Amino acid sequence: MTAFILRRSLQSIVVLFIMSLIVFVGVNLVGDPVDMLINPEADQAEIDRVIRDLGLDRPVSEQYWYFVLNAFQGDLGRSFIFGEPALKLIVQRMPATMELALVSLLMAVVFGIPLGIYAGLKPNSKISKTIMAASILGFSMPTFWVGIILIMFFSVHLGWLPSTGRGDVATYFGVTSSAFTVNGLSHIFLPAFNLALFKLSSVIRLARAGTREVILQDYIKFARAKGLAESRVVRIHLLKNIMIPVITIIGLEFGSLIAFSTVTETVFAWPGMGKLIIDSIYNLDRPVVVAYLMIIVVIFVMLNLIVDILYSVLDPRVRIKGVS
Amino acid sequence: MEPILKINNLQTHFFTKAGILKAVDGVSFEIGAGEIVGLVGESGSGKSITGFSVMGLVDPPGKIIDGSINFKGKNLSALSNDQMQNFRGNRIAMIFQDPMMTLNPVLRIETQMIEAIQAHDSGISREDARIRSRDTLGLVGISSPDERLRAYPHQFSGGMRQRVSIAIAMLNRPDLIIADEPTTALDVTIQGQVISEMQKLCRETQTALLWITHDLAVIAGIADRVCVMYAGRIVEQGLVANIIANPMHPYTQGLMGSVPSQNQRGKPLQQINGMVPSMLNLPAGCAFQNRCNYANEKCSKMQPDITQLADSRQVRCFNVPAGQQL
Ligand SMILES: Nc1ncnc2c1ncn2[C@@H]1O[C@H](COP(=O)(O)OP(=O)(O)O)[C@@H](O)[C@H]1O
Ligand code: SF4
Ligand SMILES: [Mg+2]
């Protein structure tokens, strides 16, 4: 196991390195942050001073070199706008995004798996057909549009749920979250549902496909031949087998949930890192953009690793090299 | 002796898009307590569906549409699924053909054994169920059963997995085990071992056994009586010794001819001519007519009835040798 994690970590560092290069060159190609930062009335001397202060007078290769040197010491640069370390800005907003993504994931799993199993067990029933039709809608409707419709209906029309912000938060066991207060829950429900919709649809389809395949297997018939109650056949024998692909996909896509929460956060004014990155892109706040992308890459790489480990726990037939 | 299983005129049909497929079409036979009965026939003749009908495990679009399955005085085909659950794995157990597929790959052997005990005895403790599982594994010839309980199916060979399946079937000391080609997927040497162990276990515990196979040679070694099945019907049944010595139905004769040991050395193996007809499109009259050397006009018009012979044998053919009929 140790060897496996070590090897994967080395691979991850290479990935990070390449990504940082691409990102760094990328942000240098779009726009000139100096125009955004400087008072239009400033004189040339003032402009030169700002450019020098931000290090923008150096060649890109040299800027990159210093970026890498600093990154090794945990410094991803300072925001042009806020004057604070980019990493700190992002980390401050990370809990809000994480909480949104986790609640969405929970919604997708808690609703998606039973619905998918039901649709797989009774493929010809009206309810199943409705579930599957709804899941196609969930796939194909754009997130921002659904978000706006949700706000119009539940916040504006019915007035049931708030449409913006995070609401009250509370801290338990060192975790601060709006999921711990009623007010917070009412705030997170719509954005989490909005973000979950796509994932919910894919969990439904995965669970259904898995159910249709597993239910035909001999071991299901054998379980029935043992006289087990149908509920145990489904909850243990079927569920354990369909969870393998579901966990894999959920885990791998958790990163994309975080990455794509930018849209939802913007629509619902959710104070997470997705909103920060959108603002930073508008303001050409390069250090924040670079730091954000680096963090997203790290999250993706970590999730991949966790999924691989989980996979071997769930499926005894899979043994990661170096484990057994 | 009162039979423990008495099947009468069983009809199990599949209502497919292409038409009604009579997988089991008027099957009747009995199994006495502790008796070993062979059910033999080519692939697709309806053997497995006969077994699943008894278990109440026929998948849609299949359905038992007629007949009775009498088990110790109860008509199983009239029971609800919940009532049937009490019999499955408890009084009647089943073993499947492919040991690689019958055990759940993600559950430990002990989980799969203990649940089978607890399903029928909610009062038993996990520890007691575990002890019984361990002892039963030992009984079917698995060494260090205590450790093996913790293992997953993929850690066993095919032969060992089939032993585990047999152990699971025996956990609740059933009155009847339906073994659906349990050795077909195994190596020949392992096959022999499993067959003789199974026979010994059933004799010792007085468990009746319905042994399904396409191989008449296997039946000759294990069963008391045999039913020969063709296209959803039983065409000949009787004592194994009589049928082996003197097969009467042309299909049974063909099956015998294709068993190597029954031929004289150096002579080519005989084969049954032609192909199994499509079960969806059986000819009028005898289903075997297109492959039968004795077929005549009558065979293509009418279905032969069962003829009862003196040696407690039944044959479904117009050309049963005269003089032997009752
Ligand atoms: N689920 C099903 N749908 C349609 N036909 C089936 C199904 N299962 C079995 N059959 C048909 O029933 C007949 C008997 O099958 P089976 O009992 O499995 O044969 P075997 O004697 O090889 O065990 C075959 O013709 C098969 O095609
Ligand atoms: S009834 Fe006719 S066709 Fe059928 S087995 Fe007998 S002789 Fe052959
Ligand atoms: Mg079969």
# chains A, B, ... in the order shown; residues from 1 in each chain; ligands from 1

call {"tool": "interface_residues", "arguments": {"of": "chain A", "to": "chain B", "cutoff": "10 Å", "atoms": "only C-alpha atoms", "output": "ChimeraX atom specification"}}
result
/A:216-230,232,236-238,240-241,244,313-317

call {"tool": "select_by_dssp", "arguments": {"residues": "segment 99-156 of chain B", "states": "alpha helix (DSSP H)", "output": "VMD selection string"}}
result
chain B and resid 99 to 102 109 to 118 126 to 139 145 to 148

call {"tool": "atom_distance", "arguments": {"atom1": "atom CA of Asp279 of chain A", "atom2": "atom CA of Ile90 of chain A"}}
result
12.2 Å

call {"tool": "residues_near_ligand", "arguments": {"ligand": "ligand 3", "cutoff": "8 Å", "atoms": "only C-alpha atoms and all ligand atoms", "output": "list of chain:residue names"}}
result
B:Ser43, B:Gly44, B:Gly46, B:Lys47, B:Ser48, B:Ile49, B:Gln97, B:Asp180, B:Glu181, B:Ile212, B:Thr213

call {"tool": "residues_near_ligand", "arguments": {"ligand": "ligand 2", "cutoff": "10 Å", "atoms": "only C-alpha atoms and all ligand atoms", "output": "short mmCIF file (atom, residue, chain, number, x, y, z; two decimals) with C-alpha atoms, in the first residue's frame"}}
result
data_model
loop_
_atom_site.label_atom_id
_atom_site.label_comp_id
_atom_site.auth_asym_id
_atom_site.auth_seq_id
_atom_site.Cartn_x
_atom_site.Cartn_y
_atom_site.Cartn_z
CA VAL B 235 -39.97 -39.58 -22.64
CA MET B 248 -36.62 -48.49 -24.89
CA HIS B 249 -37.33 -44.99 -26.11
CA PRO B 250 -35.45 -44.29 -29.36
CA TYR B 251 -34.07 -41.10 -27.77
CA THR B 252 -32.76 -42.97 -24.72
CA GLY B 285 -47.09 -35.30 -33.05
CA CYS B 286 -43.96 -36.71 -31.41
CA ALA B 287 -41.29 -34.05 -30.85
CA PHE B 288 -38.55 -36.59 -31.65
CA GLN B 289 -39.90 -37.63 -35.06
CA ASN B 290 -37.36 -35.72 -37.18
CA ARG B 291 -34.48 -37.60 -35.54
CA CYS B 292 -36.11 -40.98 -34.99
CA ASN B 293 -35.25 -44.06 -37.02
CA TYR B 294 -38.59 -45.69 -36.21
CA ALA B 295 -40.87 -42.76 -36.98
CA ASN B 296 -43.98 -43.58 -38.98
CA GLU B 297 -47.03 -41.70 -40.13
CA LYS B 298 -48.78 -41.94 -36.80
CA CYS B 299 -45.84 -40.23 -35.06
CA SER B 300 -46.29 -37.06 -37.12
CA LYS B 301 -50.01 -36.86 -36.38
CA MET B 302 -50.45 -37.68 -32.72
CA GLN B 303 -48.50 -37.25 -29.56
CA PRO B 304 -47.64 -40.60 -28.02
CA ASP B 305 -49.11 -41.22 -24.57
CA VAL B 315 -42.16 -44.77 -22.02
CA ARG B 316 -43.68 -42.17 -24.32
CA CYS B 317 -43.47 -43.81 -27.74
CA PHE B 318 -45.81 -45.56 -30.13
CA ASN B 319 -43.28 -48.26 -30.85
CA VAL B 320 -42.73 -49.69 -27.38
#

call {"tool": "residues_around", "arguments": {"residues": "Met302 of chain A", "least_positions_apart": "5", "cutoff": "9 Å", "atoms": "only C-alpha atoms", "output": "MDAnalysis selection string"}}
result
chainID A and resid 9 12 297 307

call {"tool": "write_last_selection", "arguments": {"atoms": "N, CA and C atoms", "output": "short mmCIF file (atom, residue, chain, number, x, y, z; two decimals), in the first residue's frame"}}
result
data_model
loop_
_atom_site.label_atom_id
_atom_site.label_comp_id
_atom_site.auth_asym_id
_atom_site.auth_seq_id
_atom_site.Cartn_x
_atom_site.Cartn_y
_atom_site.Cartn_z
N SER A 9 1.89 9.46 -5.57
CA SER A 9 2.24 10.82 -5.18
C SER A 9 3.25 11.41 -6.16
N SER A 12 1.60 12.38 -9.17
CA SER A 12 0.79 13.57 -8.93
C SER A 12 1.64 14.83 -9.01
N VAL A 297 -6.49 21.00 -9.13
CA VAL A 297 -5.72 19.86 -9.61
C VAL A 297 -5.37 18.93 -8.44
N VAL A 307 -10.32 7.09 -4.42
CA VAL A 307 -11.22 6.17 -5.10
C VAL A 307 -10.53 4.83 -5.35
#

call {"tool": "residues_around", "arguments": {"residues": "Asn281 of chain B", "least_positions_apart": "6", "cutoff": "10 Å", "atoms": "only C-alpha atoms", "output": "list in words"}}
result
Ala18, Gly19, Ile20, Leu21, Lys22 and Ala287 of chain B

call {"tool": "closest_residue", "arguments": {"among": "B:Met170, B:Met229, B:Met160, B:Ala78", "to": "ligand 1", "atoms": "only C-alpha atoms and all ligand atoms"}}
result
B:Met229

call {"tool": "closest_residue", "arguments": {"among": "B:Leu39, B:Ile31, B:Ile222, B:Ala129", "to": "ligand 1", "atoms": "only C-alpha atoms and all ligand atoms"}}
result
B:Leu39

call {"tool": "select_by_dssp", "arguments": {"residues": "segment 125-224 of chain A", "states": "strand (DSSP E)", "output": "number ranges by chain"}}
result
A: 170-172, 175-177

call {"tool": "residues_around", "arguments": {"residues": "Ile295 of chain A", "least_positions_apart": "5", "cutoff": "9 Å", "atoms": "only C-alpha atoms", "output": "NGL selection string"}}
result
:A and (87 or 90 or 290 or 300)

call {"tool": "write_last_selection", "arguments": {"atoms": "all heavy atoms", "output": "PDB file, in the first residue's frame"}}
result
ATOM      1  N   LEU A  87      -3.600  31.872  -1.444  1.00  0.00           N
ATOM      2  CA  LEU A  87      -3.965  30.618  -0.809  1.00  0.00           C
ATOM      3  C   LEU A  87      -4.934  30.860   0.343  1.00  0.00           C
ATOM      4  O   LEU A  87      -5.930  30.155   0.505  1.00  0.00           O
ATOM      5  CB  LEU A  87      -2.693  29.932  -0.298  1.00  0.00           C
ATOM      6  CG  LEU A  87      -2.832  28.452   0.053  1.00  0.00           C
ATOM      7  CD1 LEU A  87      -3.295  27.650  -1.137  1.00  0.00           C
ATOM      8  CD2 LEU A  87      -1.501  27.908   0.564  1.00  0.00           C
ATOM      9  N   ILE A  90      -8.426  31.657  -0.799  1.00  0.00           N
ATOM     10  CA  ILE A  90      -9.153  30.481  -1.294  1.00  0.00           C
ATOM     11  C   ILE A  90      -9.545  29.566  -0.139  1.00  0.00           C
ATOM     12  O   ILE A  90     -10.685  29.103  -0.065  1.00  0.00           O
ATOM     13  CB  ILE A  90      -8.292  29.720  -2.327  1.00  0.00           C
ATOM     14  CG1 ILE A  90      -8.126  30.604  -3.562  1.00  0.00           C
ATOM     15  CG2 ILE A  90      -8.923  28.388  -2.685  1.00  0.00           C
ATOM     16  CD1 ILE A  90      -7.094  30.113  -4.525  1.00  0.00           C
ATOM     17  N   VAL A 290      -4.394  31.311 -10.612  1.00  0.00           N
ATOM     18  CA  VAL A 290      -3.405  30.236 -10.656  1.00  0.00           C
ATOM     19  C   VAL A 290      -3.528  29.351  -9.414  1.00  0.00           C
ATOM     20  O   VAL A 290      -3.563  28.113  -9.512  1.00  0.00           O
ATOM     21  CB  VAL A 290      -1.974  30.816 -10.757  1.00  0.00           C
ATOM     22  CG1 VAL A 290      -0.940  29.704 -10.609  1.00  0.00           C
ATOM     23  CG2 VAL A 290      -1.793  31.539 -12.080  1.00  0.00           C
ATOM     24  N   PHE A 300      -8.407  16.902  -7.488  1.00  0.00           N
ATOM     25  CA  PHE A 300      -8.659  15.820  -8.435  1.00  0.00           C
ATOM     26  C   PHE A 300      -7.712  14.649  -8.205  1.00  0.00           C
ATOM     27  O   PHE A 300      -8.123  13.485  -8.173  1.00  0.00           O
ATOM     28  CB  PHE A 300      -8.508  16.325  -9.880  1.00  0.00           C
ATOM     29  CG  PHE A 300      -9.808  16.794 -10.474  1.00  0.00           C
ATOM     30  CD1 PHE A 300     -10.223  18.102 -10.323  1.00  0.00           C
ATOM     31  CD2 PHE A 300     -10.609  15.918 -11.186  1.00  0.00           C
ATOM     32  CE1 PHE A 300     -11.424  18.533 -10.863  1.00  0.00           C
ATOM     33  CE2 PHE A 300     -11.812  16.342 -11.734  1.00  0.00           C
ATOM     34  CZ  PHE A 300     -12.214  17.656 -11.568  1.00  0.00           C
TER      35      PHE A 300
END

call {"tool": "closest_atom_pairs", "arguments": {"of": "segment 179-295 of chain B", "to": "segment 136-146 of chain B", "cutoff": "12 Å", "atoms": "only C-alpha atoms", "output": "CSV"}}
result
residue,atom,partner,partner_atom,distance
B:Gln193,CA,B:Gly141,CA,10.2
B:Val194,CA,B:Val140,CA,8.9
B:Ile195,CA,B:Val140,CA,11.4
B:Ser196,CA,B:Val140,CA,11.1
B:Glu197,CA,B:Val140,CA,7.4
B:Met198,CA,B:Val140,CA,8.2
B:Gln199,CA,B:Val140,CA,11.3
B:Lys200,CA,B:Val140,CA,10.2
B:Leu201,CA,B:Val140,CA,8.1
B:Cys202,CA,B:Val140,CA,11.2
B:Glu204,CA,B:Leu139,CA,11.4
B:Thr205,CA,B:Leu139,CA,11.5

call {"tool": "write_last_selection", "arguments": {"atoms": "all heavy atoms", "output": "compact mmCIF listing (two decimals), in the first residue's frame"}}
result
# COMPACT_ATOMS: atom_id res chain seq x y z
N GLN B 193 -14.90 -36.95 -7.84
CA GLN B 193 -14.86 -36.76 -6.38
C GLN B 193 -16.16 -36.17 -5.87
O GLN B 193 -16.76 -36.67 -4.93
CB GLN B 193 -13.74 -35.80 -6.00
CG GLN B 193 -12.34 -36.37 -6.06
CD GLN B 193 -11.31 -35.27 -5.82
OE1 GLN B 193 -11.64 -34.22 -5.28
NE2 GLN B 193 -10.09 -35.52 -6.23
N VAL B 194 -16.57 -35.05 -6.52
CA VAL B 194 -17.76 -34.35 -6.04
C VAL B 194 -18.99 -35.26 -6.11
O VAL B 194 -19.79 -35.32 -5.18
CB VAL B 194 -17.99 -33.05 -6.83
CG1 VAL B 194 -19.34 -32.43 -6.48
CG2 VAL B 194 -16.87 -32.06 -6.54
N ILE B 195 -19.08 -36.03 -7.22
CA ILE B 195 -20.24 -36.91 -7.37
C ILE B 195 -20.29 -37.94 -6.25
O ILE B 195 -21.32 -38.13 -5.60
CB ILE B 195 -20.21 -37.62 -8.74
CG1 ILE B 195 -20.48 -36.60 -9.84
CG2 ILE B 195 -21.23 -38.74 -8.80
CD1 ILE B 195 -20.26 -37.13 -11.24
N SER B 196 -19.15 -38.60 -5.98
CA SER B 196 -19.21 -39.66 -4.98
C SER B 196 -19.40 -39.09 -3.57
O SER B 196 -20.10 -39.68 -2.74
CB SER B 196 -17.98 -40.56 -5.06
OG SER B 196 -16.82 -39.81 -4.81
N GLU B 197 -18.81 -37.90 -3.30
CA GLU B 197 -19.03 -37.29 -1.98
C GLU B 197 -20.49 -36.91 -1.78
O GLU B 197 -21.06 -37.13 -0.71
CB GLU B 197 -18.16 -36.04 -1.83
CG GLU B 197 -16.70 -36.36 -1.53
CD GLU B 197 -15.80 -35.15 -1.74
OE1 GLU B 197 -16.32 -34.02 -1.76
OE2 GLU B 197 -14.58 -35.35 -1.91
N MET B 198 -21.05 -36.34 -2.84
CA MET B 198 -22.45 -35.91 -2.78
C MET B 198 -23.36 -37.10 -2.53
O MET B 198 -24.27 -37.05 -1.71
CB MET B 198 -22.76 -35.26 -4.13
CG MET B 198 -24.06 -34.54 -4.19
SD MET B 198 -23.94 -32.94 -3.44
CE MET B 198 -25.67 -32.58 -3.33
N GLN B 199 -23.06 -38.19 -3.24
CA GLN B 199 -23.87 -39.40 -3.08
C GLN B 199 -23.78 -39.92 -1.65
O GLN B 199 -24.78 -40.24 -1.02
CB GLN B 199 -23.38 -40.46 -4.07
CG GLN B 199 -24.25 -41.69 -4.12
CD GLN B 199 -23.68 -42.72 -5.08
OE1 GLN B 199 -22.47 -42.74 -5.33
NE2 GLN B 199 -24.54 -43.56 -5.63
N LYS B 200 -22.56 -39.91 -1.12
CA LYS B 200 -22.34 -40.41 0.23
C LYS B 200 -23.09 -39.54 1.25
O LYS B 200 -23.80 -40.05 2.11
CB LYS B 200 -20.83 -40.38 0.51
CG LYS B 200 -20.41 -41.05 1.79
CD LYS B 200 -18.90 -41.32 1.77
CE LYS B 200 -18.29 -41.21 3.15
NZ LYS B 200 -17.85 -39.86 3.52
N LEU B 201 -22.95 -38.22 1.10
CA LEU B 201 -23.60 -37.30 2.03
C LEU B 201 -25.11 -37.49 2.04
O LEU B 201 -25.75 -37.54 3.09
CB LEU B 201 -23.28 -35.85 1.65
CG LEU B 201 -21.93 -35.32 2.11
CD1 LEU B 201 -21.67 -33.95 1.47
CD2 LEU B 201 -21.89 -35.21 3.62
N CYS B 202 -25.68 -37.61 0.84
CA CYS B 202 -27.13 -37.73 0.76
C CYS B 202 -27.61 -39.05 1.35
O CYS B 202 -28.65 -39.11 2.01
CB CYS B 202 -27.60 -37.60 -0.68
SG CYS B 202 -27.51 -35.90 -1.23
N GLU B 204 -26.07 -40.71 3.75
CA GLU B 204 -25.90 -40.63 5.21
C GLU B 204 -27.00 -39.82 5.88
O GLU B 204 -27.48 -40.16 6.95
CB GLU B 204 -24.54 -40.01 5.55
CG GLU B 204 -23.37 -40.99 5.45
CD GLU B 204 -22.04 -40.28 5.51
OE1 GLU B 204 -22.02 -39.06 5.83
OE2 GLU B 204 -21.02 -40.93 5.24
N THR B 205 -27.35 -38.70 5.23
CA THR B 205 -28.33 -37.81 5.87
C THR B 205 -29.75 -38.10 5.40
O THR B 205 -30.66 -37.39 5.78
CB THR B 205 -28.00 -36.34 5.53
OG1 THR B 205 -27.90 -36.23 4.11
CG2 THR B 205 -26.69 -35.91 6.15

call {"tool": "residues_around", "arguments": {"residues": "Gly26 of chain B", "least_positions_apart": "5", "cutoff": "10 Å", "atoms": "only C-alpha atoms", "output": "short mmCIF file (atom, residue, chain, number, x, y, z; two decimals) with N, CA and C atoms, in the first residue's frame"}}
result
data_model
loop_
_atom_site.label_atom_id
_atom_site.label_comp_id
_atom_site.auth_asym_id
_atom_site.auth_seq_id
_atom_site.Cartn_x
_atom_site.Cartn_y
_atom_site.Cartn_z
N ILE B 7 -44.58 -34.56 -8.59
CA ILE B 7 -44.93 -33.56 -9.60
C ILE B 7 -45.93 -34.18 -10.55
N ASN B 8 -47.02 -33.46 -10.79
CA ASN B 8 -48.04 -34.02 -11.66
C ASN B 8 -48.41 -33.03 -12.77
N ASN B 9 -48.17 -33.45 -14.01
CA ASN B 9 -48.56 -32.67 -15.18
C ASN B 9 -48.11 -31.21 -15.11
N LEU B 10 -46.87 -30.99 -14.75
CA LEU B 10 -46.35 -29.63 -14.63
C LEU B 10 -46.23 -28.97 -16.00
N GLN B 11 -46.75 -27.74 -16.06
CA GLN B 11 -46.66 -26.95 -17.30
C GLN B 11 -46.01 -25.61 -16.95
N THR B 12 -44.81 -25.41 -17.42
CA THR B 12 -44.17 -24.11 -17.21
C THR B 12 -43.85 -23.52 -18.57
N ASP B 66 -49.95 -24.74 -15.09
CA ASP B 66 -50.82 -25.85 -14.72
C ASP B 66 -50.00 -26.91 -14.01
N GLY B 67 -50.71 -27.84 -13.39
CA GLY B 67 -50.06 -28.96 -12.72
C GLY B 67 -49.85 -28.70 -11.25
N GLY B 232 -39.12 -30.66 -23.30
CA GLY B 232 -40.11 -30.29 -22.30
C GLY B 232 -40.94 -31.45 -21.76
N ARG B 233 -40.68 -32.66 -22.27
CA ARG B 233 -41.45 -33.81 -21.77
C ARG B 233 -40.51 -34.91 -21.28
N ILE B 234 -41.03 -35.73 -20.37
CA ILE B 234 -40.27 -36.91 -19.97
C ILE B 234 -40.66 -38.03 -20.92
#

call {"tool": "closest_residue", "arguments": {"among": "A:Thr171, A:Thr264, A:Ser256, A:Ser201", "to": "Val301 of chain A", "atoms": "only C-alpha atoms"}}
result
A:Ser256

call {"tool": "atom_distance", "arguments": {"atom1": "atom CA of Ala192 of chain A", "atom2": "atom CA of Val23 of chain A"}}
result
28.9 Å
